[in-house]
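S.K.: I have a structure I would like to understand better, so I am pasting it below and will then ask my questions one at a time.
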Amino acid sequence: MREIIRMRPVSYHTDGGDVGYVKITTFNEQTTDGLKKAIADISKQIPPAKLAGYVVDLRNNPGGLLDQAVSVSGTFMARGEIVSTRGRTAEETQRFRGADADPP
């Protein structure tokens with residue numbers, strides 16, 4: 001019997017200390033939402049004043065949607081160029097920059 005297999009692109013945990021661990025297995029339509037949920041849940045477990053930071057594990061991540069990868073990067077990068085693509089003509093060049101928001 002065929003069945004739709006749903007993969008969770010983001011998993012997370014804390015070690016009981018002051019670091020949140022986030023593993024991103026792929027960049028699909030749910031990745032940014034999963035990351036935001038992970039950050040919110042980690043913030044509930046570790047008070048913001050005690051939180052030292054996050055370890056983001058991208059090992060064995062085959063890639064995926066560029067807009068999701070840019071969105072995930074923009075979550076942690078407040079400013080600056082995240083990625084750019086350059087074509088043969090100026091019209092083919094694209095630049096993706098971080099939002100001017102506070103990183104988590």
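Labels for the structure tokens follow display order: chains A, B, ..., residues from 1 in each chain, ligands from 1.
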DSSP on the backbone, strand (DSSP E) only: what residues of chain A does that give? Format it as JSON, numbers by chain.
M.R.: {"A": [10, 11, 12, 13, 14, 19, 20, 21, 22, 23, 24, 53, 54, 55, 56, 57, 81, 82, 83, 84, 85, 94, 95, 96, 97]}
S.K.: Just C-alpha atoms for this one: save the residues we selected as an mmCIF file, in the first residue's frame.
M.R.:
data_model
loop_
_atom_site.group_PDB
_atom_site.id
_atom_site.type_symbol
_atom_site.label_atom_id
_atom_site.label_comp_id
_atom_site.auth_asym_id
_atom_site.auth_seq_id
_atom_site.Cartn_x
_atom_site.Cartn_y
_atom_site.Cartn_z
ATOM 1 C CA VAL A 10 13.859 20.456 11.538
ATOM 2 C CA SER A 11 14.518 18.650 14.793
ATOM 3 C CA TYR A 12 15.848 20.222 17.982
ATOM 4 C CA HIS A 13 16.754 19.655 21.604
ATOM 5 C CA THR A 14 18.607 21.190 24.497
ATOM 6 C CA VAL A 19 22.773 25.886 24.168
ATOM 7 C CA GLY A 20 19.983 24.948 21.776
ATOM 8 C CA TYR A 21 20.736 22.341 19.107
ATOM 9 C CA VAL A 22 18.857 22.544 15.800
ATOM 10 C CA LYS A 23 19.295 19.990 12.998
ATOM 11 C CA ILE A 24 18.055 20.929 9.528
ATOM 12 C CA GLY A 53 23.327 30.457 21.447
ATOM 13 C CA TYR A 54 22.391 27.798 18.932
ATOM 14 C CA VAL A 55 24.261 25.029 17.169
ATOM 15 C CA VAL A 56 22.766 24.570 13.706
ATOM 16 C CA ASP A 57 23.634 21.160 12.271
ATOM 17 C CA GLU A 81 24.357 39.526 1.540
ATOM 18 C CA ILE A 82 23.383 35.924 2.147
ATOM 19 C CA VAL A 83 23.781 34.587 -1.373
ATOM 20 C CA SER A 84 23.983 35.912 -4.891
ATOM 21 C CA THR A 85 23.657 34.407 -8.316
ATOM 22 C CA GLN A 94 20.089 38.098 -8.129
ATOM 23 C CA ARG A 95 21.101 39.106 -4.616
ATOM 24 C CA PHE A 96 19.491 37.917 -1.411
ATOM 25 C CA ARG A 97 20.170 39.965 1.705
#
S.K.: Need the shell around stretch 67-73 of chain A: protein/DNA/RNA residues with any atom at most 6 Å away, counting only C-alpha atoms. Skip same-chain ones fewer than 2 positions apart. Format as a PyMOL selection string?
M.R.: chain A and resi 27+32+65+75-76
S.K.: Which one of A:Gly63, A:Leu35, A:Arg79, A:Asp15 sits closest to A:Leu51 if you count only C-alpha atoms?
M.R.: A:Asp15
S.K.: Taking only C-alpha atoms into account, name the residue in A:Gly64, A:Glu92, A:Asp18, A:Gly34 that is nearest to A:Ile46.
M.R.: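 Once distances to A:Ile46 are computed over only C-alpha atoms, the minimum belongs to A:Asp18.
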S.K.: For the atom pair atom CA of A:Ala49 and atom CA of A:Pro9, what is the interatomic distance in Å to one decimal place?
M.R.: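 One can read the atom CA of A:Ala49 to atom CA of A:Pro9 distance as 27.9 Å.
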S.K.: Just to confirm, what's the straight-line distance from atom CA of A:Ile5 to atom CA of A:Asn28 in Å (one decimal)?
M.R.: 13.9 Å
S.K.: Using only C-alpha atoms for the distances, tell me which of A:Pro62, A:Gly74, A:Gly16, A:Gly80 is nearest to A:Pro47.
M.R.: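 Distance minimum relative to A:Pro47 lands on A:Gly16.
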